[in-house]
>>> print(open('coords.cif').read())   # mmCIF, C-alpha atoms
data_entry
loop_
_atom_site.group_PDB
_atom_site.id
_atom_site.type_symbol
_atom_site.label_atom_id
_atom_site.label_comp_id
_atom_site.auth_asym_id
_atom_site.auth_seq_id
_atom_site.Cartn_x
_atom_site.Cartn_y
_atom_site.Cartn_z
ATOM 1 C CA MET W 1 -19.213 -25.493 16.811
ATOM 2 C CA THR W 2 -20.942 -22.541 15.135
ATOM 3 C CA LEU W 3 -17.862 -20.484 15.953
ATOM 4 C CA LEU W 4 -15.620 -22.797 13.953
ATOM 5 C CA TRP W 5 -17.906 -22.558 10.912
ATOM 6 C CA VAL W 6 -18.117 -18.775 11.115
ATOM 7 C CA ILE W 7 -14.324 -18.513 11.220
ATOM 8 C CA LEU W 8 -13.919 -20.966 8.322
ATOM 9 C CA ALA W 9 -16.536 -19.156 6.195
ATOM 10 C CA LEU W 10 -14.846 -15.827 6.854
ATOM 11 C CA ALA W 11 -11.430 -17.327 6.066
ATOM 12 C CA VAL W 12 -12.512 -18.989 2.797
ATOM 13 C CA GLY W 13 -14.477 -15.924 1.657
ATOM 14 C CA THR W 14 -11.640 -13.535 2.460
ATOM 15 C CA TYR W 15 -9.096 -15.718 0.675
ATOM 16 C CA ALA W 16 -11.380 -15.892 -2.375
ATOM 17 C CA LEU W 17 -11.611 -12.079 -2.488
ATOM 18 C CA ARG W 18 -7.837 -11.786 -2.221
ATOM 19 C CA VAL W 19 -6.977 -14.440 -4.760
ATOM 20 C CA VAL W 20 -9.441 -13.269 -7.436
ATOM 21 C CA GLY W 21 -7.712 -9.908 -7.795
ATOM 22 C CA VAL W 22 -4.238 -11.394 -7.526
ATOM 23 C CA LEU W 23 -4.784 -14.080 -10.196
ATOM 24 C CA LEU W 24 -6.662 -11.966 -12.735
ATOM 25 C CA PRO W 25 -3.876 -9.643 -13.970
ATOM 26 C CA GLY W 26 -1.917 -12.530 -15.533
ATOM 27 C CA ARG W 27 -4.874 -13.945 -17.463
ATOM 28 C CA LEU W 28 -6.707 -10.830 -18.408
ATOM 29 C CA VAL W 29 -5.329 -8.379 -20.936
ATOM 30 C CA LEU W 30 -6.639 -5.007 -19.879
ATOM 31 C CA PRO W 31 -6.679 -1.977 -22.171
ATOM 32 C CA LYS W 32 -3.566 0.108 -21.515
ATOM 33 C CA ARG W 33 -5.502 3.066 -20.176
ATOM 34 C CA LEU W 34 -7.485 0.935 -17.737
ATOM 35 C CA GLU W 35 -4.284 -0.729 -16.557
ATOM 36 C CA ALA W 36 -2.717 2.661 -15.890
ATOM 37 C CA LEU W 37 -5.753 3.450 -13.781
ATOM 38 C CA LEU W 38 -5.304 0.503 -11.383
ATOM 39 C CA PRO W 39 -2.683 2.154 -9.153
ATOM 40 C CA VAL W 40 -4.821 5.316 -9.097
ATOM 41 C CA ALA W 41 -7.811 3.224 -8.021
ATOM 42 C CA ALA W 42 -5.811 1.530 -5.261
ATOM 43 C CA THR W 43 -4.433 4.874 -4.037
ATOM 44 C CA THR W 44 -7.966 6.332 -4.051
ATOM 45 C CA MET W 45 -9.240 3.490 -1.874
ATOM 46 C CA LEU W 46 -6.293 3.809 0.493
ATOM 47 C CA ALA W 47 -7.046 7.534 0.800
ATOM 48 C CA ALA W 48 -10.673 6.664 1.587
ATOM 49 C CA LEU W 49 -9.472 4.206 4.239
ATOM 50 C CA VAL W 50 -7.349 6.960 5.780
ATOM 51 C CA ALA W 51 -10.315 9.364 5.808
ATOM 52 C CA THR W 52 -12.707 6.876 7.420
ATOM 53 C CA ALA W 53 -10.063 5.737 9.924
ATOM 54 C CA VAL W 54 -9.554 9.341 11.035
ATOM 55 C CA PHE W 55 -13.107 10.684 10.995
ATOM 56 C CA THR W 56 -15.417 7.776 11.779
ATOM 57 C CA GLU W 57 -15.980 5.637 14.834
ATOM 58 C CA ALA W 58 -18.222 2.537 14.663
ATOM 59 C CA GLY W 59 -19.895 3.763 11.468
ATOM 60 C CA ARG W 60 -20.525 7.327 12.625
ATOM 61 C CA LEU W 61 -18.759 10.536 11.788
ATOM 62 C CA ALA W 62 -16.598 11.419 14.775
ATOM 63 C CA VAL W 63 -14.370 14.457 14.670
ATOM 64 C CA GLY W 64 -12.209 14.162 17.747
ATOM 65 C CA VAL W 65 -9.083 16.104 18.635
ATOM 66 C CA ALA W 66 -6.241 13.709 19.427
ATOM 67 C CA ARG W 67 -6.460 11.423 16.397
ATOM 68 C CA PRO W 68 -6.998 14.048 13.635
ATOM 69 C CA ILE W 69 -4.223 16.272 14.998
ATOM 70 C CA GLY W 70 -1.903 13.279 15.356
ATOM 71 C CA VAL W 71 -2.561 12.293 11.738
ATOM 72 C CA LEU W 72 -2.197 15.927 10.619
ATOM 73 C CA VAL W 73 1.263 16.097 12.214
ATOM 74 C CA GLY W 74 2.123 12.860 10.402
ATOM 75 C CA ALA W 75 0.742 14.234 7.123
ATOM 76 C CA ILE W 76 2.821 17.412 7.328
ATOM 77 C CA LEU W 77 5.948 15.370 8.046
ATOM 78 C CA ALA W 78 5.169 12.993 5.173
ATOM 79 C CA TRP W 79 4.583 15.951 2.840
ATOM 80 C CA ARG W 80 8.017 17.292 3.844
ATOM 81 C CA LYS W 81 9.446 13.857 3.008
ATOM 82 C CA ALA W 82 10.340 12.837 6.563
ATOM 83 C CA PRO W 83 11.257 9.134 6.942
ATOM 84 C CA PHE W 84 8.286 6.787 7.315
ATOM 85 C CA ILE W 85 9.197 5.755 10.854
ATOM 86 C CA VAL W 86 9.300 9.422 11.935
ATOM 87 C CA VAL W 87 5.825 10.002 10.457
ATOM 88 C CA VAL W 88 4.312 7.012 12.262
ATOM 89 C CA VAL W 89 5.960 7.645 15.629
ATOM 90 C CA ALA W 90 5.204 11.393 15.567
ATOM 91 C CA ALA W 91 1.525 10.766 14.742
ATOM 92 C CA ALA W 92 1.153 8.220 17.549
ATOM 93 C CA ALA W 93 3.090 10.326 20.069
ATOM 94 C CA THR W 94 1.057 13.467 19.275
ATOM 95 C CA ALA W 95 -2.249 11.628 19.730
ATOM 96 C CA ALA W 96 -1.048 9.913 22.912
ATOM 97 C CA LEU W 97 0.211 13.176 24.449
ATOM 98 C CA LEU W 98 -3.002 15.027 23.561
ATOM 99 C CA ARG W 99 -4.999 12.272 25.292
ATOM 100 C CA LEU W 100 -2.695 12.430 28.278
ATOM 101 C CA ALA W 101 -3.456 16.169 28.430
ATOM 102 C CA GLY W 102 -7.162 15.390 28.463
ATOM 103 C CA PHE W 103 -8.073 16.052 24.815
ATOM 104 C CA GLU W 104 -10.061 13.266 23.221
ATOM 105 C CA MET H 1 22.807 1.699 20.022
ATOM 106 C CA LYS H 2 24.716 2.593 16.878
ATOM 107 C CA PRO H 3 23.410 5.628 14.982
ATOM 108 C CA LEU H 4 21.886 4.920 11.584
ATOM 109 C CA PRO H 5 24.056 5.884 8.617
ATOM 110 C CA PRO H 6 22.857 9.113 6.956
ATOM 111 C CA ASN H 7 21.720 7.329 3.785
ATOM 112 C CA PRO H 8 20.612 3.815 4.706
ATOM 113 C CA SER H 9 20.509 1.304 1.856
ATOM 114 C CA PRO H 10 17.056 0.657 0.355
ATOM 115 C CA ASP H 11 16.907 -2.747 2.077
ATOM 116 C CA ARG H 12 17.765 -1.373 5.510
ATOM 117 C CA LYS H 13 15.238 1.401 5.028
ATOM 118 C CA LEU H 14 12.602 -1.161 4.044
ATOM 119 C CA LEU H 15 13.306 -3.310 7.110
ATOM 120 C CA ARG H 16 13.232 -0.265 9.376
ATOM 121 C CA ASP H 17 9.966 1.117 7.951
ATOM 122 C CA ALA H 18 8.254 -2.267 7.811
ATOM 123 C CA GLY H 19 9.540 -2.970 11.314
ATOM 124 C CA ALA H 20 7.906 0.210 12.650
ATOM 125 C CA LEU H 21 4.608 -0.794 11.101
ATOM 126 C CA ALA H 22 4.956 -4.402 12.266
ATOM 127 C CA ALA H 23 5.473 -3.195 15.846
ATOM 128 C CA ALA H 24 2.208 -1.227 15.686
ATOM 129 C CA VAL H 25 0.427 -4.183 14.050
ATOM 130 C CA GLY H 26 1.733 -6.443 16.820
ATOM 131 C CA VAL H 27 0.244 -4.198 19.523
ATOM 132 C CA ILE H 28 -3.131 -4.109 17.743
ATOM 133 C CA GLY H 29 -2.874 -7.915 17.475
ATOM 134 C CA ILE H 30 -2.373 -8.112 21.243
ATOM 135 C CA SER H 31 -5.488 -6.027 21.736
ATOM 136 C CA PHE H 32 -7.421 -8.250 19.290
ATOM 137 C CA GLY H 33 -6.449 -11.419 21.150
ATOM 138 C CA ALA H 34 -7.352 -9.869 24.510
ATOM 139 C CA ILE H 35 -10.727 -8.577 23.259
ATOM 140 C CA GLY H 36 -11.551 -11.981 21.749
ATOM 141 C CA VAL H 37 -10.997 -13.707 25.094
ATOM 142 C CA ALA H 38 -12.855 -10.916 26.932
ATOM 143 C CA GLU H 39 -15.857 -11.495 24.613
ATOM 144 C CA GLY H 40 -15.980 -15.064 25.877
ATOM 145 C CA MET H 41 -14.287 -16.829 22.952
ATOM 146 C CA PRO H 42 -12.213 -19.948 23.597
ATOM 147 C CA ALA H 43 -8.467 -19.284 23.260
ATOM 148 C CA TRP H 44 -8.147 -21.063 19.886
ATOM 149 C CA ALA H 45 -10.732 -18.852 18.138
ATOM 150 C CA PRO H 46 -8.890 -15.481 17.942
ATOM 151 C CA ILE H 47 -5.672 -17.353 17.101
ATOM 152 C CA ALA H 48 -7.359 -19.307 14.288
ATOM 153 C CA MET H 49 -8.929 -16.093 12.966
ATOM 154 C CA SER H 50 -5.618 -14.259 12.822
ATOM 155 C CA LEU H 51 -3.950 -17.177 11.015
ATOM 156 C CA LEU H 52 -6.764 -17.986 8.576
ATOM 157 C CA VAL H 53 -8.577 -14.675 8.031
ATOM 158 C CA PHE H 54 -5.656 -12.266 8.623
ATOM 159 C CA ALA H 55 -7.701 -9.079 8.212
ATOM 160 C CA GLY H 56 -7.866 -6.846 11.274
ATOM 161 C CA GLY H 57 -10.995 -4.819 10.514
ATOM 162 C CA ALA H 58 -13.069 -7.876 9.621
ATOM 163 C CA GLN H 59 -11.782 -9.771 12.655
ATOM 164 C CA PHE H 60 -12.700 -7.035 15.152
ATOM 165 C CA LEU H 61 -16.146 -6.729 13.559
ATOM 166 C CA ALA H 62 -16.637 -10.506 13.639
ATOM 167 C CA VAL H 63 -15.686 -10.790 17.308
ATOM 168 C CA GLY H 64 -18.207 -8.083 18.177
ATOM 169 C CA LEU H 65 -21.019 -9.589 16.112
ATOM 170 C CA ILE H 66 -20.368 -13.160 17.268
ATOM 171 C CA GLY H 67 -20.408 -11.859 20.839
ATOM 172 C CA ALA H 68 -23.758 -10.209 20.064
ATOM 173 C CA GLY H 69 -25.080 -13.574 18.830
ATOM 174 C CA ASN H 70 -25.184 -12.658 15.139
ATOM 175 C CA PRO H 71 -22.860 -15.065 13.262
ATOM 176 C CA PHE H 72 -24.326 -14.406 9.788
ATOM 177 C CA ALA H 73 -23.782 -10.672 10.095
ATOM 178 C CA ALA H 74 -20.230 -11.475 11.213
ATOM 179 C CA ILE H 75 -19.571 -13.354 7.966
ATOM 180 C CA LEU H 76 -21.344 -10.922 5.622
ATOM 181 C CA GLY H 77 -19.967 -7.822 7.320
ATOM 182 C CA GLY H 78 -16.444 -9.225 7.364
ATOM 183 C CA LEU H 79 -16.556 -10.135 3.680
ATOM 184 C CA LEU H 80 -17.954 -6.722 2.770
ATOM 185 C CA ILE H 81 -15.047 -5.051 4.566
ATOM 186 C CA ASN H 82 -12.614 -7.345 2.767
ATOM 187 C CA ALA H 83 -14.083 -6.778 -0.708
ATOM 188 C CA ARG H 84 -11.518 -4.002 -1.200
ATOM 189 C CA HIS H 85 -8.893 -6.730 -1.577
ATOM 190 C CA VAL H 86 -10.157 -7.428 -5.108
ATOM 191 C CA PRO H 87 -9.027 -4.081 -6.598
ATOM 192 C CA PHE H 88 -5.891 -4.161 -4.405
ATOM 193 C CA GLY H 89 -5.034 -7.569 -5.861
ATOM 194 C CA LEU H 90 -5.633 -6.296 -9.392
ATOM 195 C CA ALA H 91 -3.270 -3.382 -8.757
ATOM 196 C CA ILE H 92 -0.342 -5.365 -7.306
ATOM 197 C CA GLY H 93 -0.980 -8.980 -8.381
ATOM 198 C CA SER H 94 1.820 -8.949 -10.949
ATOM 199 C CA ALA H 95 4.262 -7.706 -8.272
ATOM 200 C CA ILE H 96 3.603 -10.716 -6.019
ATOM 201 C CA SER H 97 4.905 -13.506 -8.246
ATOM 202 C CA ASP H 98 5.073 -14.807 -11.802
ATOM 203 C CA ARG H 99 4.268 -18.319 -10.658
ATOM 204 C CA LEU H 100 0.839 -19.634 -9.742
ATOM 205 C CA GLY H 101 2.056 -21.119 -6.449
ATOM 206 C CA GLY H 102 3.656 -17.844 -5.418
ATOM 207 C CA ARG H 103 0.500 -15.925 -6.181
ATOM 208 C CA LEU H 104 -1.720 -18.412 -4.328
ATOM 209 C CA LEU H 105 0.466 -18.093 -1.220
ATOM 210 C CA GLY H 106 1.062 -14.361 -1.567
ATOM 211 C CA ALA H 107 -2.659 -13.660 -1.928
ATOM 212 C CA HIS H 108 -3.301 -14.744 1.664
ATOM 213 C CA LEU H 109 -0.883 -12.079 2.920
ATOM 214 C CA LEU H 110 -2.503 -9.178 1.025
ATOM 215 C CA THR H 111 -3.387 -6.218 3.264
ATOM 216 C CA ASP H 112 -3.877 -2.447 2.973
ATOM 217 C CA GLU H 113 -0.362 -1.875 4.243
ATOM 218 C CA SER H 114 1.398 -4.408 2.011
ATOM 219 C CA THR H 115 -0.472 -2.907 -0.965
ATOM 220 C CA ALA H 116 0.538 0.638 -0.015
ATOM 221 C CA PHE H 117 4.187 -0.300 0.572
ATOM 222 C CA THR H 118 4.359 -2.142 -2.765
ATOM 223 C CA LEU H 119 2.710 0.664 -4.739
ATOM 224 C CA ALA H 120 5.227 3.114 -3.253
ATOM 225 C CA GLN H 121 8.102 1.244 -4.961
ATOM 226 C CA PRO H 122 9.088 2.274 -8.469
ATOM 227 C CA ASP H 123 10.147 -0.901 -10.290
ATOM 228 C CA GLY H 124 9.270 -4.585 -10.573
ATOM 229 C CA GLY H 125 12.153 -6.203 -8.690
ATOM 230 C CA ARG H 126 11.963 -3.885 -5.704
ATOM 231 C CA ARG H 127 8.184 -4.177 -5.665
ATOM 232 C CA ARG H 128 8.340 -7.946 -5.369
ATOM 233 C CA ARG H 129 10.878 -7.933 -2.546
ATOM 234 C CA THR H 130 8.973 -5.174 -0.746
ATOM 235 C CA TYR H 131 5.708 -7.102 -0.951
ATOM 236 C CA TRP H 132 7.116 -10.291 0.550
ATOM 237 C CA VAL H 133 9.171 -8.574 3.262
ATOM 238 C CA VAL H 134 6.305 -6.331 4.402
ATOM 239 C CA ALA H 135 3.564 -8.952 4.061
ATOM 240 C CA GLY H 136 5.660 -11.577 5.879
ATOM 241 C CA MET H 137 6.607 -9.262 8.739
ATOM 242 C CA LEU H 138 3.022 -8.079 9.208
ATOM 243 C CA PHE H 139 1.691 -11.655 9.172
ATOM 244 C CA ALA H 140 4.229 -12.685 11.819
ATOM 245 C CA ALA H 141 3.577 -9.601 13.968
ATOM 246 C CA TRP H 142 -0.225 -9.941 13.784
ATOM 247 C CA ASN H 143 -0.164 -13.594 14.798
ATOM 248 C CA ILE H 144 2.468 -13.279 17.524
ATOM 249 C CA GLY H 145 0.478 -10.318 18.849
ATOM 250 C CA THR H 146 -2.780 -12.273 18.856
ATOM 251 C CA VAL H 147 -1.272 -15.216 20.773
ATOM 252 C CA THR H 148 0.261 -12.781 23.271
ATOM 253 C CA GLY H 149 -3.076 -10.987 23.719
ATOM 254 C CA VAL H 150 -4.921 -14.251 24.294
ATOM 255 C CA ALA H 151 -2.329 -15.204 26.927
ATOM 256 C CA LEU H 152 -2.452 -11.813 28.652
ATOM 257 C CA GLY H 153 -6.229 -11.607 28.448
ATOM 258 C CA THR H 154 -7.888 -8.673 30.117
ATOM 259 C CA ALA H 155 -4.588 -7.289 31.440
ATOM 260 C CA VAL H 156 -4.133 -5.534 28.071
ATOM 261 C CA GLY H 157 -4.829 -1.790 27.931
ATOM 262 C CA ASP H 158 -6.475 0.276 25.206
ATOM 263 C CA PRO H 159 -4.187 0.797 22.151
ATOM 264 C CA GLU H 160 -5.645 4.310 21.771
ATOM 265 C CA THR H 161 -3.679 5.261 24.886
ATOM 266 C CA TYR H 162 -0.516 4.931 22.787
ATOM 267 C CA GLY H 163 -2.008 6.817 19.838
ATOM 268 C CA LEU H 164 -1.937 3.752 17.597
ATOM 269 C CA ASP H 165 -5.273 4.774 16.055
ATOM 270 C CA ALA H 166 -3.395 7.784 14.627
ATOM 271 C CA ALA H 167 -0.322 5.771 13.619
ATOM 272 C CA PHE H 168 -2.155 3.636 11.039
ATOM 273 C CA PRO H 169 -3.800 6.372 8.957
ATOM 274 C CA ALA H 170 -0.606 8.458 9.164
ATOM 275 C CA GLY H 171 1.454 5.490 7.943
ATOM 276 C CA LEU H 172 -0.894 4.793 5.024
ATOM 277 C CA LEU H 173 -0.877 8.485 4.134
ATOM 278 C CA ALA H 174 2.937 8.552 4.133
ATOM 279 C CA LEU H 175 2.972 5.547 1.800
ATOM 280 C CA ILE H 176 0.576 7.063 -0.746
ATOM 281 C CA MET H 177 2.082 10.576 -0.473
ATOM 282 C CA PRO H 178 4.438 10.160 -3.479
ATOM 283 C CA ALA H 179 1.472 9.103 -5.639
ATOM 284 C CA LEU H 180 -0.610 12.026 -4.348
ATOM 285 C CA ARG H 181 1.915 14.509 -5.717
ATOM 286 C CA GLU H 182 0.528 13.650 -9.152
ATOM 287 C CA PRO H 183 -2.475 16.005 -9.637
ATOM 288 C CA ARG H 184 -4.817 13.483 -11.295
ATOM 289 C CA THR H 185 -4.250 10.944 -8.544
ATOM 290 C CA LEU H 186 -4.678 13.623 -5.867
ATOM 291 C CA ALA H 187 -8.014 14.709 -7.385
ATOM 292 C CA ALA H 188 -9.215 11.091 -7.477
ATOM 293 C CA ALA H 189 -8.047 10.458 -3.896
ATOM 294 C CA VAL H 190 -9.718 13.588 -2.501
ATOM 295 C CA ALA H 191 -12.966 12.737 -4.302
ATOM 296 C CA GLY H 192 -12.782 9.131 -3.052
ATOM 297 C CA ALA H 193 -12.150 10.209 0.538
ATOM 298 C CA ALA H 194 -15.088 12.645 0.351
ATOM 299 C CA ILE H 195 -17.403 9.941 -1.048
ATOM 300 C CA ALA H 196 -16.380 7.516 1.709
ATOM 301 C CA LEU H 197 -16.935 10.068 4.481
ATOM 302 C CA ALA H 198 -20.272 11.247 3.045
ATOM 303 C CA THR H 199 -21.629 7.696 2.819
ATOM 304 C CA ALA H 200 -20.077 6.209 5.981
ATOM 305 C CA PRO H 201 -22.955 7.190 8.320
ATOM 306 C CA PHE H 202 -25.547 5.459 6.102
ATOM 307 C CA LEU H 203 -23.821 2.322 4.825
ATOM 308 C CA PRO H 204 -22.381 -0.791 6.473
ATOM 309 C CA ALA H 205 -18.609 -0.835 7.034
ATOM 310 C CA GLY H 206 -16.643 -1.676 3.892
ATOM 311 C CA LEU H 207 -19.089 -0.233 1.377
ATOM 312 C CA PRO H 208 -17.992 3.437 1.680
ATOM 313 C CA VAL H 209 -14.406 2.497 0.767
ATOM 314 C CA LEU H 210 -15.649 0.532 -2.257
ATOM 315 C CA LEU H 211 -17.792 3.472 -3.372
ATOM 316 C CA ALA H 212 -14.670 5.629 -3.145
ATOM 317 C CA LEU H 213 -13.529 3.820 -6.301
ATOM 318 C CA MET H 214 -15.878 6.156 -8.183
ATOM 319 C CA GLY H 215 -13.399 8.912 -7.364
ATOM 320 C CA THR H 216 -11.089 7.209 -9.862
ATOM 321 C CA LEU H 217 -13.450 8.319 -12.655
ATOM 322 C CA ILE H 218 -12.077 11.842 -12.200
ATOM 323 C CA ALA H 219 -8.642 10.615 -13.247
ATOM 324 C CA LEU H 220 -10.200 8.853 -16.241
ATOM 325 C CA LYS H 221 -11.998 11.971 -17.345
ATOM 326 C CA GLU H 222 -8.986 14.238 -17.083
ATOM 327 C CA ASN H 223 -6.992 11.691 -19.025
ATOM 328 C CA ARG H 224 -8.876 12.404 -22.227
#
>>> encode(input="coords.cif", output="structure tokens")
Amino acid sequence: MTLLWVILALAVGTYALRVVGVLLPGRLVLPKRLEALLPVAATTMLAALVATAVFTEAGRLAVGVARPIGVLVGAILAWRKAPFIVVVVAAAATAALLRLAGFE
Amino acid sequence: MKPLPPNPSPDRKLLRDAGALAAAVGVIGISFGAIGVAEGMPAWAPIAMSLLVFAGGAQFLAVGLIGAGNPFAAILGGLLINARHVPFGLAIGSAISDRLGGRLLGAHLLTDESTAFTLAQPDGGRRRRTYWVVAGMLFAAWNIGTVTGVALGTAVGDPETYGLDAAFPAGLLALIMPALREPRTLAAAVAGAAIALATAPFLPAGLPVLLALMGTLIALKENR
């Protein structure tokens, strides 16, 4: 019973967070300069997500081998404008092979 | 298998790229469903979470905290992780729909990946189509994956074996790469990433990424 309520609270709260941002742009006239900053803000947060996904594990800094090198291979390919699918597959394959070779 | 044409049309490219990401999302969904059942949840619970919450990070955290007997932390922690959806929604809300109904439905499908894919598109029409294609495919993949994981249960292996933990950050990085070629955005992104990493050991999950927003101030300053 508690489980159902926890899931519903999480669902309603998450939807509220999503819908607030999505509905605001139409009703709110932002100053031009602030509006130009929104994509920069979103990109900055995505970059922060990338950094924490690579270098943290359960809330701790964790500099491993397989994952950072896998992502680095992907980053170099992305920088050289390789297709998205190549970036993703190369990153995963590099990390998987390094783990297979015993590097964590 | 027929080889891909040298210059695939934008729509084919979108389906191919989103398909690659959806495949990875599906495998993580399988692992989520399996972990939920392994933590002692009834089969409906992970499935309901994936349908109604649809946010991987918050769902994994919630399963762990519910398993540890801490339902309030599961709710608060999950919502803190998902708070980043507010600025994401602000950034791409107008791309989702012009109509209220479209925005109300589209909001539920908002994720890091659908935001990144949409931002990577130059103009309004392509942005809208990209959002719905990517968001729809990821929603389907996540939920099909979860149901599969629940059915397979503990037979599922660790997704790290396949390097999927490297695939997600690499994919996000590829999507924001065009934006990062602009020096102001790059400066803001590097500062934001540094803030998030510096604060991650001391703050609950979700907060470091929100604090990274302060990195945006660099772009504001250099704008003057």
>>> residues_near_point(input="coords.cif", point="(-14.6, 13.3, 0.0)", cutoff="12 Å", atoms="all atoms listed in the file", output="PyMOL selection string")
(chain W and resi 44-45+47-52+55) or (chain H and resi 186-200+208-209+211-215)
>>> write_last_selection(input="coords.cif", atoms="C-alpha atoms", output="PDB file, keeping the file's coordinate frame")
ATOM      1  CA  THR W  44      -7.966   6.332  -4.051  1.00  0.00           C
ATOM      2  CA  MET W  45      -9.240   3.490  -1.874  1.00  0.00           C
ATOM      3  CA  ALA W  47      -7.046   7.534   0.800  1.00  0.00           C
ATOM      4  CA  ALA W  48     -10.673   6.664   1.587  1.00  0.00           C
ATOM      5  CA  LEU W  49      -9.472   4.206   4.239  1.00  0.00           C
ATOM      6  CA  VAL W  50      -7.349   6.960   5.780  1.00  0.00           C
ATOM      7  CA  ALA W  51     -10.315   9.364   5.808  1.00  0.00           C
ATOM      8  CA  THR W  52     -12.707   6.876   7.420  1.00  0.00           C
ATOM      9  CA  PHE W  55     -13.107  10.684  10.995  1.00  0.00           C
TER      10      PHE W  55
ATOM     11  CA  LEU H 186      -4.678  13.623  -5.867  1.00  0.00           C
ATOM     12  CA  ALA H 187      -8.014  14.709  -7.385  1.00  0.00           C
ATOM     13  CA  ALA H 188      -9.215  11.091  -7.477  1.00  0.00           C
ATOM     14  CA  ALA H 189      -8.047  10.458  -3.896  1.00  0.00           C
ATOM     15  CA  VAL H 190      -9.718  13.588  -2.501  1.00  0.00           C
ATOM     16  CA  ALA H 191     -12.966  12.737  -4.302  1.00  0.00           C
ATOM     17  CA  GLY H 192     -12.782   9.131  -3.052  1.00  0.00           C
ATOM     18  CA  ALA H 193     -12.150  10.209   0.538  1.00  0.00           C
ATOM     19  CA  ALA H 194     -15.088  12.645   0.351  1.00  0.00           C
ATOM     20  CA  ILE H 195     -17.403   9.941  -1.048  1.00  0.00           C
ATOM     21  CA  ALA H 196     -16.380   7.516   1.709  1.00  0.00           C
ATOM     22  CA  LEU H 197     -16.935  10.068   4.481  1.00  0.00           C
ATOM     23  CA  ALA H 198     -20.272  11.247   3.045  1.00  0.00           C
ATOM     24  CA  THR H 199     -21.629   7.696   2.819  1.00  0.00           C
ATOM     25  CA  ALA H 200     -20.077   6.209   5.981  1.00  0.00           C
ATOM     26  CA  PRO H 208     -17.992   3.437   1.680  1.00  0.00           C
ATOM     27  CA  VAL H 209     -14.406   2.497   0.767  1.00  0.00           C
ATOM     28  CA  LEU H 211     -17.792   3.472  -3.372  1.00  0.00           C
ATOM     29  CA  ALA H 212     -14.670   5.629  -3.145  1.00  0.00           C
ATOM     30  CA  LEU H 213     -13.529   3.820  -6.301  1.00  0.00           C
ATOM     31  CA  MET H 214     -15.878   6.156  -8.183  1.00  0.00           C
ATOM     32  CA  GLY H 215     -13.399   8.912  -7.364  1.00  0.00           C
TER      33      GLY H 215
END
>>> atom_distance(input="coords.cif", atom1="atom CA of H:Leu109", atom2="atom CA of H:Gly153")
26.1 Å
>>> residues_around(input="coords.cif", residues="W:Leu37", least_positions_apart="5", cutoff="10 Å", atoms="only C-alpha atoms", output="ChimeraX atom specification")
/W:32,42-43 /H:91,185,216-217,219-220,223
>>> closest_atom_pairs(input="coords.cif", of="chain H", to="chain W", cutoff="7 Å", atoms="all atoms listed in the file", output="CSV")
residue,atom,partner,partner_atom,distance
H:Asp17,CA,W:Ile85,CA,5.5
H:Ala20,CA,W:Ile85,CA,6.0
H:Met49,CA,W:Ile7,CA,6.2
H:Leu52,CA,W:Ala11,CA,5.3
H:Val53,CA,W:Ala11,CA,4.4
H:Pro71,CA,W:Val6,CA,6.4
H:Ile75,CA,W:Leu10,CA,5.4
H:Gly78,CA,W:Leu10,CA,6.8
H:Leu79,CA,W:Thr14,CA,6.1
H:Asn82,CA,W:Thr14,CA,6.3
H:Ala83,CA,W:Leu17,CA,6.1
H:His85,CA,W:Arg18,CA,5.2
H:Val86,CA,W:Gly21,CA,4.4
H:Pro87,CA,W:Gly21,CA,6.1
H:Phe88,CA,W:Ala42,CA,5.8
H:Gly89,CA,W:Gly21,CA,4.0
H:Leu90,CA,W:Gly21,CA,4.5
H:Ala91,CA,W:Leu38,CA,5.1
H:Gly93,CA,W:Val22,CA,4.1
H:Ser94,CA,W:Pro25,CA,6.5
H:Arg103,CA,W:Val22,CA,6.7
H:Leu104,CA,W:Val19,CA,6.6
H:Ala107,CA,W:Val19,CA,5.2
H:His108,CA,W:Tyr15,CA,6.0
H:Leu110,CA,W:Arg18,CA,6.8
H:Thr161,CA,W:Ala96,CA,5.7
H:Tyr162,CA,W:Ala96,CA,5.0
H:Gly163,CA,W:Ala92,CA,4.1
H:Leu164,CA,W:Ala92,CA,5.4
H:Asp165,CA,W:Arg67,CA,6.8
H:Ala166,CA,W:Arg67,CA,5.1
H:Ala167,CA,W:Ala92,CA,4.9
H:Pro169,CA,W:Val50,CA,4.8
H:Ala170,CA,W:Val71,CA,5.0
H:Gly171,CA,W:Val88,CA,5.4
H:Leu172,CA,W:Val50,CA,6.9
H:Leu173,CA,W:Ala75,CA,6.7
H:Ala174,CA,W:Ala78,CA,5.1
H:Ile176,CA,W:Thr43,CA,6.4
H:Met177,CA,W:Trp79,CA,6.8
H:Thr185,CA,W:Val40,CA,5.7
H:Ala188,CA,W:Thr44,CA,6.0
H:Ala189,CA,W:Thr44,CA,4.1
H:Gly192,CA,W:Thr44,CA,5.7
H:Ala193,CA,W:Ala48,CA,4.0
H:Ala196,CA,W:Ala48,CA,5.8
H:Leu197,CA,W:Thr52,CA,6.1
H:Ala200,CA,W:Gly59,CA,6.0
H:Pro201,CA,W:Arg60,CA,4.9
H:Ala205,CA,W:Gly59,CA,6.5
H:Val209,CA,W:Ala48,CA,5.7
H:Ala212,CA,W:Met45,CA,6.0
H:Leu213,CA,W:Ala41,CA,6.0
H:Gly215,CA,W:Thr44,CA,6.9
H:Thr216,CA,W:Ala41,CA,5.5
>>> atom_distance(input="coords.cif", atom1="atom CA of H:Arg181", atom2="atom CA of H:Arg129")
24.4 Å
>>> residues_around(input="coords.cif", residues="H:Ile28", least_positions_apart="4", cutoff="8 Å", atoms="all atoms listed in the file", output="PDB file with C-alpha atoms, keeping the file's coordinate frame")
ATOM      1  CA  ALA H  24       2.208  -1.227  15.686  1.00  0.00           C
ATOM      2  CA  PHE H  32      -7.421  -8.250  19.290  1.00  0.00           C
ATOM      3  CA  TRP H 142      -0.225  -9.941  13.784  1.00  0.00           C
ATOM      4  CA  GLY H 145       0.478 -10.318  18.849  1.00  0.00           C
ATOM      5  CA  PRO H 159      -4.187   0.797  22.151  1.00  0.00           C
ATOM      6  CA  LEU H 164      -1.937   3.752  17.597  1.00  0.00           C
TER       7      LEU H 164
END
